file target_22.txt (compact mmCIF, N, CA and C atoms and all ligand atoms)
# COMPACT_ATOMS: atom_id res chain seq x y z
N MET V 1 45.79 48.07 70.87
CA MET V 1 45.59 49.52 71.09
C MET V 1 46.84 50.10 71.75
N VAL V 2 47.25 51.25 71.27
CA VAL V 2 48.41 51.92 71.84
C VAL V 2 47.96 53.27 72.40
N TYR V 3 48.54 53.62 73.54
CA TYR V 3 48.19 54.88 74.20
C TYR V 3 49.40 55.81 74.15
N LEU V 4 49.19 57.00 73.64
CA LEU V 4 50.27 57.96 73.45
C LEU V 4 49.97 59.20 74.30
N THR V 5 50.94 59.60 75.11
CA THR V 5 50.71 60.71 76.04
C THR V 5 51.67 61.85 75.77
N ARG V 6 51.14 63.05 75.78
CA ARG V 6 51.98 64.24 75.73
C ARG V 6 51.75 65.06 76.99
N ARG V 7 52.88 65.54 77.55
CA ARG V 7 52.85 66.27 78.81
C ARG V 7 53.16 67.73 78.53
N VAL V 8 52.45 68.62 79.22
CA VAL V 8 52.70 70.04 79.07
C VAL V 8 52.53 70.68 80.45
N THR V 9 53.27 71.75 80.70
CA THR V 9 53.13 72.44 81.99
C THR V 9 52.63 73.86 81.75
N PHE V 10 51.92 74.38 82.74
CA PHE V 10 51.51 75.78 82.71
C PHE V 10 51.34 76.27 84.14
N SER V 11 51.33 77.57 84.29
CA SER V 11 51.16 78.19 85.60
C SER V 11 49.91 79.04 85.59
N ALA V 12 49.15 78.96 86.67
CA ALA V 12 47.92 79.75 86.72
C ALA V 12 47.52 79.99 88.17
N ALA V 13 46.71 81.02 88.36
CA ALA V 13 46.17 81.33 89.68
C ALA V 13 44.70 80.94 89.75
N HIS V 14 44.25 80.63 90.95
CA HIS V 14 42.81 80.39 91.12
C HIS V 14 42.41 80.67 92.57
N ARG V 15 41.11 80.75 92.73
CA ARG V 15 40.52 80.84 94.06
C ARG V 15 39.38 79.83 94.11
N LEU V 16 39.36 79.02 95.15
CA LEU V 16 38.27 78.07 95.29
C LEU V 16 37.14 78.74 96.07
N TRP V 17 36.03 78.91 95.37
CA TRP V 17 34.90 79.64 95.91
C TRP V 17 33.67 79.23 95.12
N SER V 18 32.62 78.82 95.82
CA SER V 18 31.40 78.39 95.14
C SER V 18 30.28 79.38 95.36
N ARG V 19 29.62 79.74 94.28
CA ARG V 19 28.48 80.66 94.37
C ARG V 19 27.29 80.01 95.08
N TYR V 20 27.34 78.69 95.22
CA TYR V 20 26.24 77.96 95.84
C TYR V 20 26.40 77.82 97.36
N LEU V 21 27.51 78.31 97.88
CA LEU V 21 27.77 78.23 99.32
C LEU V 21 27.80 79.64 99.90
N THR V 22 27.50 79.74 101.20
CA THR V 22 27.63 81.02 101.88
C THR V 22 29.11 81.32 102.09
N GLU V 23 29.40 82.56 102.50
CA GLU V 23 30.79 82.91 102.78
C GLU V 23 31.38 81.99 103.84
N GLU V 24 30.58 81.78 104.88
CA GLU V 24 31.05 80.92 105.97
C GLU V 24 31.30 79.49 105.48
N GLU V 25 30.39 78.99 104.67
CA GLU V 25 30.55 77.64 104.14
C GLU V 25 31.75 77.54 103.20
N ASN V 26 31.95 78.58 102.39
CA ASN V 26 33.10 78.58 101.49
C ASN V 26 34.41 78.45 102.27
N TYR V 27 34.55 79.23 103.31
CA TYR V 27 35.79 79.15 104.09
C TYR V 27 35.91 77.82 104.83
N ALA V 28 34.75 77.26 105.23
CA ALA V 28 34.79 75.97 105.92
C ALA V 28 35.25 74.87 104.95
N VAL V 29 34.78 74.94 103.71
CA VAL V 29 35.09 73.89 102.73
C VAL V 29 36.49 74.07 102.16
N TYR V 30 36.82 75.29 101.74
CA TYR V 30 38.04 75.51 100.95
C TYR V 30 39.19 76.07 101.78
N ASP V 31 38.92 76.50 103.01
CA ASP V 31 39.96 76.97 103.92
C ASP V 31 40.83 78.03 103.25
N LYS V 32 42.14 77.90 103.28
CA LYS V 32 43.00 78.96 102.74
C LYS V 32 42.92 79.06 101.22
N CYS V 33 42.41 78.02 100.57
CA CYS V 33 42.22 78.10 99.12
C CYS V 33 41.11 79.08 98.74
N ALA V 34 40.36 79.56 99.76
CA ALA V 34 39.31 80.56 99.51
C ALA V 34 39.81 81.98 99.73
N ASN V 35 41.05 82.15 100.05
CA ASN V 35 41.59 83.51 100.26
C ASN V 35 41.23 84.41 99.09
N PRO V 36 40.81 85.64 99.38
CA PRO V 36 40.21 86.50 98.34
C PRO V 36 41.06 86.70 97.10
N ASN V 37 42.35 86.86 97.23
CA ASN V 37 43.17 87.17 96.06
C ASN V 37 43.73 85.96 95.34
N GLY V 38 43.36 84.78 95.79
CA GLY V 38 43.79 83.57 95.08
C GLY V 38 45.23 83.18 95.37
N HIS V 39 45.67 82.14 94.68
CA HIS V 39 47.04 81.62 94.83
C HIS V 39 47.37 80.87 93.55
N GLY V 40 48.64 80.54 93.38
CA GLY V 40 49.07 79.94 92.11
C GLY V 40 49.47 78.49 92.21
N HIS V 41 49.46 77.83 91.05
CA HIS V 41 49.97 76.46 90.94
C HIS V 41 50.78 76.34 89.66
N ASN V 42 51.77 75.45 89.70
CA ASN V 42 52.43 75.00 88.49
C ASN V 42 51.80 73.67 88.11
N TYR V 43 50.92 73.72 87.14
CA TYR V 43 50.15 72.54 86.74
C TYR V 43 50.93 71.72 85.71
N THR V 44 50.68 70.42 85.73
CA THR V 44 51.14 69.55 84.65
C THR V 44 49.91 68.87 84.05
N LEU V 45 49.79 68.96 82.74
CA LEU V 45 48.66 68.35 82.04
C LEU V 45 49.19 67.25 81.14
N GLU V 46 48.64 66.04 81.31
CA GLU V 46 49.01 64.92 80.44
C GLU V 46 47.79 64.56 79.60
N VAL V 47 47.96 64.61 78.31
CA VAL V 47 46.88 64.30 77.37
C VAL V 47 47.23 62.99 76.67
N THR V 48 46.32 62.03 76.73
CA THR V 48 46.57 60.71 76.14
C THR V 48 45.57 60.43 75.03
N VAL V 49 46.09 59.97 73.89
CA VAL V 49 45.24 59.51 72.80
C VAL V 49 45.42 58.00 72.65
N GLN V 50 44.42 57.37 72.03
CA GLN V 50 44.46 55.92 71.84
C GLN V 50 44.25 55.60 70.37
N GLY V 51 44.84 54.49 69.93
CA GLY V 51 44.61 54.06 68.55
C GLY V 51 45.62 53.03 68.13
N GLU V 52 45.44 52.57 66.90
CA GLU V 52 46.43 51.68 66.29
C GLU V 52 47.41 52.56 65.52
N PRO V 53 48.69 52.29 65.64
CA PRO V 53 49.64 53.08 64.85
C PRO V 53 49.35 52.93 63.36
N ASP V 54 49.40 54.05 62.66
CA ASP V 54 49.23 54.03 61.21
C ASP V 54 50.34 53.19 60.59
N PRO V 55 50.01 52.25 59.71
CA PRO V 55 51.04 51.37 59.15
C PRO V 55 52.12 52.12 58.37
N LYS V 56 51.77 53.26 57.80
CA LYS V 56 52.74 54.00 56.99
C LYS V 56 53.65 54.87 57.85
N THR V 57 53.07 55.53 58.88
CA THR V 57 53.86 56.47 59.68
C THR V 57 54.36 55.86 60.98
N GLY V 58 53.72 54.77 61.43
CA GLY V 58 54.07 54.19 62.73
C GLY V 58 53.55 55.00 63.90
N MET V 59 52.67 55.95 63.63
CA MET V 59 52.18 56.84 64.68
C MET V 59 50.70 56.65 64.94
N VAL V 60 50.30 56.77 66.23
CA VAL V 60 48.88 56.89 66.57
C VAL V 60 48.41 58.29 66.19
N MET V 61 49.25 59.27 66.53
CA MET V 61 48.96 60.66 66.18
C MET V 61 50.30 61.39 66.19
N ASN V 62 50.43 62.34 65.31
CA ASN V 62 51.66 63.12 65.25
C ASN V 62 51.76 64.00 66.50
N LEU V 63 52.90 63.90 67.22
CA LEU V 63 53.07 64.67 68.46
C LEU V 63 53.03 66.17 68.20
N THR V 64 53.44 66.58 67.02
CA THR V 64 53.36 68.00 66.68
C THR V 64 51.92 68.49 66.68
N ASP V 65 51.02 67.64 66.15
CA ASP V 65 49.60 67.99 66.15
C ASP V 65 49.05 67.98 67.58
N MET V 66 49.46 67.00 68.38
CA MET V 66 49.00 66.95 69.77
C MET V 66 49.39 68.23 70.50
N LYS V 67 50.63 68.65 70.30
CA LYS V 67 51.11 69.87 70.96
C LYS V 67 50.30 71.09 70.50
N ARG V 68 50.12 71.21 69.19
CA ARG V 68 49.43 72.36 68.64
C ARG V 68 47.98 72.44 69.14
N ILE V 69 47.28 71.31 69.09
CA ILE V 69 45.87 71.31 69.50
C ILE V 69 45.74 71.57 71.00
N THR V 70 46.64 70.97 71.79
CA THR V 70 46.58 71.19 73.25
C THR V 70 46.84 72.65 73.58
N ASN V 71 47.78 73.26 72.89
CA ASN V 71 48.05 74.68 73.12
C ASN V 71 46.86 75.54 72.69
N GLU V 72 46.34 75.25 71.50
CA GLU V 72 45.23 76.07 70.97
C GLU V 72 43.98 75.96 71.83
N GLN V 73 43.67 74.75 72.27
CA GLN V 73 42.41 74.53 72.98
C GLN V 73 42.48 74.85 74.47
N VAL V 74 43.68 74.68 75.07
CA VAL V 74 43.77 74.82 76.53
C VAL V 74 44.90 75.75 76.98
N VAL V 75 46.13 75.39 76.68
CA VAL V 75 47.27 76.03 77.34
C VAL V 75 47.33 77.53 77.07
N ASN V 76 47.11 77.92 75.82
CA ASN V 76 47.19 79.35 75.50
C ASN V 76 46.14 80.16 76.25
N TRP V 77 45.06 79.52 76.66
CA TRP V 77 43.99 80.21 77.38
C TRP V 77 44.28 80.35 78.87
N VAL V 78 45.02 79.39 79.43
CA VAL V 78 45.13 79.34 80.90
C VAL V 78 46.51 79.69 81.44
N ASP V 79 47.56 79.60 80.60
CA ASP V 79 48.91 79.82 81.11
C ASP V 79 49.10 81.28 81.55
N HIS V 80 49.55 81.46 82.78
CA HIS V 80 49.76 82.80 83.36
C HIS V 80 48.47 83.62 83.42
N LYS V 81 47.37 82.93 83.69
CA LYS V 81 46.07 83.59 83.82
C LYS V 81 45.49 83.31 85.21
N HIS V 82 44.47 84.11 85.54
CA HIS V 82 43.69 83.82 86.75
C HIS V 82 42.45 83.06 86.30
N LEU V 83 42.34 81.82 86.72
CA LEU V 83 41.31 80.93 86.17
C LEU V 83 39.89 81.37 86.52
N ASN V 84 39.74 82.14 87.59
CA ASN V 84 38.40 82.61 87.97
C ASN V 84 37.94 83.81 87.12
N HIS V 85 38.89 84.50 86.50
CA HIS V 85 38.55 85.77 85.87
C HIS V 85 38.88 85.87 84.39
N ASP V 86 39.88 85.15 83.93
CA ASP V 86 40.46 85.43 82.61
C ASP V 86 40.02 84.48 81.49
N VAL V 87 39.33 83.40 81.83
CA VAL V 87 39.06 82.36 80.83
C VAL V 87 37.55 82.24 80.61
N PRO V 88 37.05 82.71 79.46
CA PRO V 88 35.60 82.74 79.24
C PRO V 88 34.93 81.38 79.45
N TRP V 89 35.59 80.31 78.99
CA TRP V 89 34.94 78.99 79.09
C TRP V 89 35.08 78.36 80.48
N LEU V 90 35.66 79.09 81.43
CA LEU V 90 35.66 78.63 82.83
C LEU V 90 34.75 79.50 83.70
N GLU V 91 34.02 80.41 83.06
CA GLU V 91 33.17 81.30 83.82
C GLU V 91 32.12 80.52 84.62
N GLY V 92 32.02 80.82 85.91
CA GLY V 92 31.04 80.14 86.76
C GLY V 92 31.46 78.78 87.25
N VAL V 93 32.66 78.33 86.87
CA VAL V 93 33.17 77.02 87.27
C VAL V 93 34.08 77.19 88.48
N VAL V 94 33.90 76.39 89.53
CA VAL V 94 34.85 76.39 90.63
C VAL V 94 36.11 75.69 90.12
N PRO V 95 37.25 76.39 90.05
CA PRO V 95 38.42 75.81 89.37
C PRO V 95 39.22 74.83 90.21
N THR V 96 38.53 73.79 90.68
CA THR V 96 39.23 72.66 91.30
C THR V 96 39.90 71.85 90.20
N ALA V 97 40.82 70.98 90.58
CA ALA V 97 41.47 70.12 89.58
C ALA V 97 40.43 69.25 88.88
N GLU V 98 39.42 68.79 89.63
CA GLU V 98 38.38 67.96 89.02
C GLU V 98 37.65 68.70 87.89
N MET V 99 37.22 69.91 88.21
CA MET V 99 36.45 70.68 87.22
C MET V 99 37.33 71.10 86.05
N LEU V 100 38.58 71.42 86.33
CA LEU V 100 39.48 71.80 85.24
C LEU V 100 39.70 70.62 84.29
N ALA V 101 39.86 69.42 84.85
CA ALA V 101 40.07 68.24 84.00
C ALA V 101 38.87 68.03 83.07
N ILE V 102 37.66 68.22 83.59
CA ILE V 102 36.45 68.05 82.77
C ILE V 102 36.40 69.12 81.68
N LYS V 103 36.65 70.35 82.07
CA LYS V 103 36.59 71.44 81.09
C LYS V 103 37.69 71.31 80.05
N PHE V 104 38.88 70.89 80.46
CA PHE V 104 39.97 70.68 79.51
C PHE V 104 39.60 69.57 78.52
N TRP V 105 39.02 68.52 79.03
CA TRP V 105 38.56 67.42 78.15
C TRP V 105 37.60 67.95 77.09
N GLU V 106 36.63 68.74 77.53
CA GLU V 106 35.63 69.27 76.60
C GLU V 106 36.29 70.09 75.50
N ARG V 107 37.28 70.89 75.89
CA ARG V 107 38.00 71.70 74.91
C ARG V 107 38.79 70.81 73.96
N LEU V 108 39.52 69.85 74.54
CA LEU V 108 40.39 69.00 73.72
C LEU V 108 39.57 68.12 72.77
N ALA V 109 38.41 67.66 73.23
CA ALA V 109 37.57 66.79 72.40
C ALA V 109 37.12 67.52 71.14
N ARG V 110 37.04 68.84 71.21
CA ARG V 110 36.68 69.63 70.03
C ARG V 110 37.83 69.70 69.04
N GLY V 111 39.06 69.64 69.57
CA GLY V 111 40.22 69.84 68.71
C GLY V 111 40.81 68.57 68.13
N PHE V 112 40.73 67.47 68.89
CA PHE V 112 41.35 66.22 68.44
C PHE V 112 40.44 65.50 67.45
N PRO V 113 41.02 64.73 66.53
CA PRO V 113 40.21 63.91 65.63
C PRO V 113 39.27 63.00 66.44
N THR V 114 38.08 62.78 65.93
CA THR V 114 37.04 62.03 66.65
C THR V 114 37.56 60.66 67.12
N GLY V 115 37.32 60.36 68.40
CA GLY V 115 37.63 59.03 68.93
C GLY V 115 39.05 58.84 69.41
N LEU V 116 39.94 59.80 69.17
CA LEU V 116 41.34 59.61 69.56
C LEU V 116 41.59 59.93 71.02
N LEU V 117 40.91 60.93 71.56
CA LEU V 117 41.19 61.35 72.93
C LEU V 117 40.79 60.26 73.91
N TYR V 118 41.71 59.88 74.78
CA TYR V 118 41.44 58.81 75.73
C TYR V 118 41.38 59.31 77.17
N GLU V 119 42.33 60.16 77.54
CA GLU V 119 42.41 60.55 78.95
C GLU V 119 43.06 61.91 79.11
N VAL V 120 42.55 62.65 80.09
CA VAL V 120 43.18 63.90 80.53
C VAL V 120 43.60 63.70 81.97
N LYS V 121 44.87 63.93 82.26
CA LYS V 121 45.34 63.84 83.64
C LYS V 121 45.95 65.18 84.02
N LEU V 122 45.41 65.77 85.07
CA LEU V 122 45.87 67.07 85.50
C LEU V 122 46.49 66.96 86.89
N HIS V 123 47.76 67.35 86.98
CA HIS V 123 48.45 67.39 88.27
C HIS V 123 48.41 68.83 88.76
N GLU V 124 47.81 69.03 89.92
CA GLU V 124 47.74 70.38 90.49
C GLU V 124 48.99 70.66 91.33
N THR V 125 49.45 69.63 92.02
CA THR V 125 50.70 69.70 92.78
C THR V 125 51.42 68.37 92.56
N GLU V 126 52.55 68.19 93.19
CA GLU V 126 53.24 66.90 93.08
C GLU V 126 52.42 65.79 93.72
N ASN V 127 51.52 66.16 94.62
CA ASN V 127 50.78 65.15 95.39
C ASN V 127 49.34 64.95 94.94
N ASN V 128 48.80 65.90 94.17
CA ASN V 128 47.38 65.81 93.78
C ASN V 128 47.25 65.73 92.27
N SER V 129 46.47 64.76 91.81
CA SER V 129 46.16 64.72 90.39
C SER V 129 44.76 64.16 90.18
N VAL V 130 44.21 64.46 89.01
CA VAL V 130 42.87 64.03 88.64
C VAL V 130 42.91 63.44 87.25
N VAL V 131 42.14 62.37 87.05
CA VAL V 131 42.03 61.74 85.74
C VAL V 131 40.59 61.86 85.27
N TYR V 132 40.41 62.22 83.99
CA TYR V 132 39.07 62.26 83.41
C TYR V 132 39.12 61.60 82.04
N ARG V 133 38.13 60.72 81.80
CA ARG V 133 38.09 60.01 80.52
C ARG V 133 36.79 60.25 79.77
N GLY V 134 36.20 61.40 79.99
CA GLY V 134 35.02 61.77 79.23
C GLY V 134 33.75 61.11 79.70
NI NI V 201 44.89 75.79 94.71
call {"tool": "encode", "arguments": {"input": "target_22.txt", "output": "structure tokens", "more": "lines below"}}
Ligand code: NI
result
Amino acid sequence: MVYLTRRVTFSAAHRLWSRYLTEEENYAVYDKCANPNGHGHNYTLEVTVQGEPDPKTGMVMNLTDMKRITNEQVVNWVDHKHLNHDVPWLEGVVPTAEMLAIKFWERLARGFPTGLLYEVKLHETENNSVVYRG
């Protein structure tokens, strides 16, 4: 089995705030990440597919297709957007890195050929990242 990863970057704003917590609890949990007007991150998304290289092409998947599907399903929706307000499929989701990784996986799984998607890794900062494997 071979694992092929494509990396893409995007910038987005978010506010960490849960509808299930009181105002006081929200500030206790999320601290400055709960500031009303939000804040931005330069995210890095790594999408990994798995498979045997095709004997004719030598590829698990064409990187051009990986780029196109990742842009169509995720990046074009979130780049330079406010994740709490601008993305219909994130409505009601607290946009932590964990939740974004899950939602990105769900989007990507719709776009990639069945069984190829292996892992979504989302870096929120240089120090924080999340891995989701469906
Ligand atoms: Ni943040």
call {"tool": "atom_distance", "arguments": {"input": "target_22.txt", "atom1": "atom CA of Arg15 of chain V", "atom2": "atom N of Asp79 of chain V"}}
result
15.2 Å
call {"tool": "atom_distance", "arguments": {"input": "target_22.txt", "atom1": "atom C of Tyr118 of chain V", "atom2": "atom CA of Tyr132 of chain V"}}
result
7.3 Å
call {"tool": "closest_residue", "arguments": {"input": "target_22.txt", "among": "V:Asn84, V:Val78, V:Ser11, V:Ile102", "to": "Tyr43 of chain V", "atoms": "all atoms listed in the file"}}
result
V:Ser11
call {"tool": "residues_near_ligand", "arguments": {"input": "target_22.txt", "ligand": "ligand NI 201 (chain V)", "cutoff": "6.5 Å", "atoms": "all atoms listed in the file", "output": "ChimeraX atom specification"}}
result
/V:14,16,33,39-41
call {"tool": "closest_residue", "arguments": {"input": "target_22.txt", "among": "V:Met1, V:Leu117, V:Asp86, V:Arg133", "to": "Ala101 of chain V", "atoms": "only N, CA and C atoms"}}
result
V:Arg133
call {"tool": "residues_around", "arguments": {"input": "target_22.txt", "residues": "Thr44 of chain V", "least_positions_apart": "5", "cutoff": "5 Å", "atoms": "only N, CA and C atoms", "output": "ChimeraX atom specification"}}
result
/V:8-9,122-123
call {"tool": "select_by_dssp", "arguments": {"input": "target_22.txt", "residues": "chain V", "states": "helix (DSSP H, G or I)", "output": "count of residues only"}}
result
46
call {"tool": "closest_residue", "arguments": {"input": "target_22.txt", "among": "V:Asn37, V:Ser129, V:Asn76, V:Thr48", "to": "Ala13 of chain V", "atoms": "all atoms listed in the file"}}
result
V:Asn37
call {"tool": "closest_residue", "arguments": {"input": "target_22.txt", "among": "V:Val2, V:Val49, V:Val29, V:Val75", "to": "Val120 of chain V", "atoms": "only N, CA and C atoms"}}
result
V:Val49
call {"tool": "axis_aligned_box", "arguments": {"input": "target_22.txt", "around": "segment 69-74 of chain V", "padding_each_side": "3 Å", "output": "lines of an AutoDock Vina configuration file"}}
result
center_x = 45.2
center_y = 73.5
center_z = 73.0
size_x = 11.6
size_y = 11.1
size_z = 13.9
call {"tool": "atom_distance", "arguments": {"input": "target_22.txt", "atom1": "atom CA of Arg19 of chain V", "atom2": "atom CA of Leu45 of chain V"}}
result
26.7 Å
